[in-house]
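For reference, the structure discussed in these notes is given below.
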Amino acid sequence: TDELYGDAENQESFNEKSLLKPSNPYSATKAAADHLVGSYAKTYGTKCIITRCTNNFGPYQFPEKLIPKTIIRAQKNLKVKFYGDGNQIRSWIYAMDHVGAIESLIKNGQHGEIYNITSWNEISNKTIVEKILGLMDKSSDLIEYVGDRPGHDRRYSIDSTKIQNELGWKPKFDFEKSKFNTKHGEITLKEAMKDLIAFQDKFLKTKFEACLKAKMVLSAEGSPAGWNPVSVDYFNEGPMHHNNSDFTPGFPIECSKIKEQNEHIPSVFSELKS
């Protein structure tokens, strides 16, 4: 993750040699994990590569994340809540670009090295939500501002020149300008986003809607000790980002089952080519 470099407000983008300055305990644990992996590479010659990537987006994304949660809440005409003023800037990369970068590193990356991965798409959270609401023909009145969270960084920004120069990797999907290549031809971001919105709508109606209406709690059976089941009421409360500890390993598994059962997954996303 790029967050372990800390706040990049009024600074140049961080590269792999920049100091790690995490702003909160959560990101500090991620920085500690990087140091731990690096120490094994140096001490024992363990083969490993550390990657630090920016925000991802794409189909089947965990519904606590900004884009899917905005879609879900807007579909239900619920408030889309922001921490602070919503102008926190993040860089967004399409999931398939991230996978392509990791694939390149598995094949040609240098063990013990660190590589930043970004598509250079820096956009504020507020802008992202406004775009989604516009595509869904929803009013910006759905946006609600709540108090900011402690240690909330204003901007994350990293430089991925290293992986581009050493491995020749480049992102194929620009959040705004580039077109998505599919076997049916090229489509724009607006068309791709509409398919994502349509999928989320189908996703909700076929499985989650019943859970929401019944106020059911998704089962965490078989999850490691210490994890609690997640209530679907989560979709009705809380700001855009949430503490990950409220979620269980059982929840993504449920999503996976839903994915397998759904026969109407938009072909745009299942047929994207790298």
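Residue names in the structure tokens use chain letters A, B, ... in the order shown, residue numbers from 1 in each chain, and ligand numbers from 1 in the order shown.
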Do a neighbour search on Lys170 of chain A at 8 Å with only C-alpha atoms, toss out local chain neighbours closer than 5 positions, and write the hits as a ChimeraX atom specification. /A:101,119,164
For Thr127 of chain A, find every residue with an atom within 12 Å (counting only C-alpha atoms), except residues of its own chain fewer than 2 positions away, and show them as a list of chain:residue names.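 Close residues of Thr127 of chain A: A:Leu66, A:Ile67, A:Thr70, A:Phe82, A:Asp85, A:Gly86, A:Asn87, A:Gln88, A:Ile89, A:Arg90, A:Glu122, A:Ile123, A:Ser124, A:Asn125, A:Val129, A:Glu130, A:Lys131, A:Ile132, A:Leu133, A:Gly134, A:Ser140, A:Ile143, A:Glu176.
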Atom CA of Pro63 of chain A to atom CA of Leu142 of chain A, straight-line distance in Å: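 Separating atom CA of Leu142 of chain A from atom CA of Pro63 of chain A is a distance of 18.0 Å.
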Excluding Ile102 of chain A and any residue of its chain fewer than 2 positions from it, enumerate the residues within 12 Å of it, using only C-alpha atoms, and give them as a PyMOL selection string. chain A and resi 49-53+95-100+104-109+114-118+163+167+169-171
Could you take the residues named above and write them with C-alpha atoms, as an mmCIF file, in the first residue's frame?
```cif
data_model
loop_
_atom_site.group_PDB
_atom_site.id
_atom_site.type_symbol
_atom_site.label_atom_id
_atom_site.label_comp_id
_atom_site.auth_asym_id
_atom_site.auth_seq_id
_atom_site.Cartn_x
_atom_site.Cartn_y
_atom_site.Cartn_z
ATOM 1 C CA ILE A 49 9.580 -8.877 -3.636
ATOM 2 C CA ILE A 50 7.722 -6.047 -1.915
ATOM 3 C CA THR A 51 5.142 -4.106 -3.915
ATOM 4 C CA ARG A 52 3.407 -0.914 -2.850
ATOM 5 C CA CYS A 53 0.291 -0.124 -4.831
ATOM 6 C CA ALA A 95 -7.328 -4.201 -10.738
ATOM 7 C CA MET A 96 -6.164 -5.825 -13.974
ATOM 8 C CA ASP A 97 -3.299 -3.321 -14.248
ATOM 9 C CA HIS A 98 -2.225 -4.196 -10.708
ATOM 10 C CA VAL A 99 -2.318 -7.901 -11.570
ATOM 11 C CA GLY A 100 -0.276 -7.215 -14.711
ATOM 12 C CA SER A 104 5.708 -8.888 -14.523
ATOM 13 C CA LEU A 105 7.497 -8.891 -11.177
ATOM 14 C CA ILE A 106 7.000 -12.631 -10.676
ATOM 15 C CA LYS A 107 8.633 -13.234 -14.038
ATOM 16 C CA ASN A 108 11.357 -10.578 -14.090
ATOM 17 C CA GLY A 109 11.494 -8.732 -10.772
ATOM 18 C CA ILE A 114 10.729 -2.872 -3.628
ATOM 19 C CA TYR A 115 8.496 -1.656 -6.474
ATOM 20 C CA ASN A 116 5.838 1.052 -6.414
ATOM 21 C CA ILE A 117 2.788 0.462 -8.628
ATOM 22 C CA THR A 118 0.526 3.298 -9.758
ATOM 23 C CA ILE A 163 9.029 -0.779 -12.478
ATOM 24 C CA LEU A 167 10.502 -4.128 -16.495
ATOM 25 C CA TRP A 169 5.406 -2.327 -17.300
ATOM 26 C CA LYS A 170 2.864 0.411 -17.946
ATOM 27 C CA PRO A 171 -0.796 0.723 -16.932
#
```
Let me make sure I understand: among A:Ala28, A:Asp7, A:Lys81, A:Lys21, which one has the smallest atom-to-atom distance to Val146 of chain A if we use only C-alpha atoms?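 So, comparing all the options, the nearest one is A:Lys81.
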Just the number, please: distance in Å from atom CA of Lys30 of chain A to atom CA of Tyr5 of chain A, one decimal.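 So the answer is 10.3 Å.
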Best match for closeness to Ser39 of chain A among A:Glu12, A:Gly112, A:Asn56, A:Glu144, counting only C-alpha atoms: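 Ranking A:Glu12, A:Gly112, A:Asn56, A:Glu144 by distance to Ser39 of chain A, first place goes to A:Gly112.
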Shell around Val37 of chain A at 10 Å using only C-alpha atoms, local window under 2 positions removed, as an NGL selection string: :A and (32-35 or 39-42 or 46-50 or 112)
To one decimal place in Å, what is the distance between atom CA of Tyr26 of chain A and atom CA of Ala74 of chain A? 28.6 Å
Secondary structure check, alpha helix (DSSP H) residues of segment 7-181 of chain A, as a VMD selection string: chain A and resid 25 to 44 66 to 75 95 to 108 125 to 135 161 to 167
Using only C-alpha atoms, find the one residue out of A:Gly38, A:Arg149, A:Ser18, A:Glu9 that sits nearest to Glu113 of chain A.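 The answer is A:Gly38, which sits nearest to Glu113 of chain A.
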Ranking A:Lys126, A:His152, A:Lys69, A:Lys138 by minimum distance to Pro22 of chain A and counting only C-alpha atoms, which one comes first?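 That would be A:His152, the residue with the smallest distance to Pro22 of chain A.
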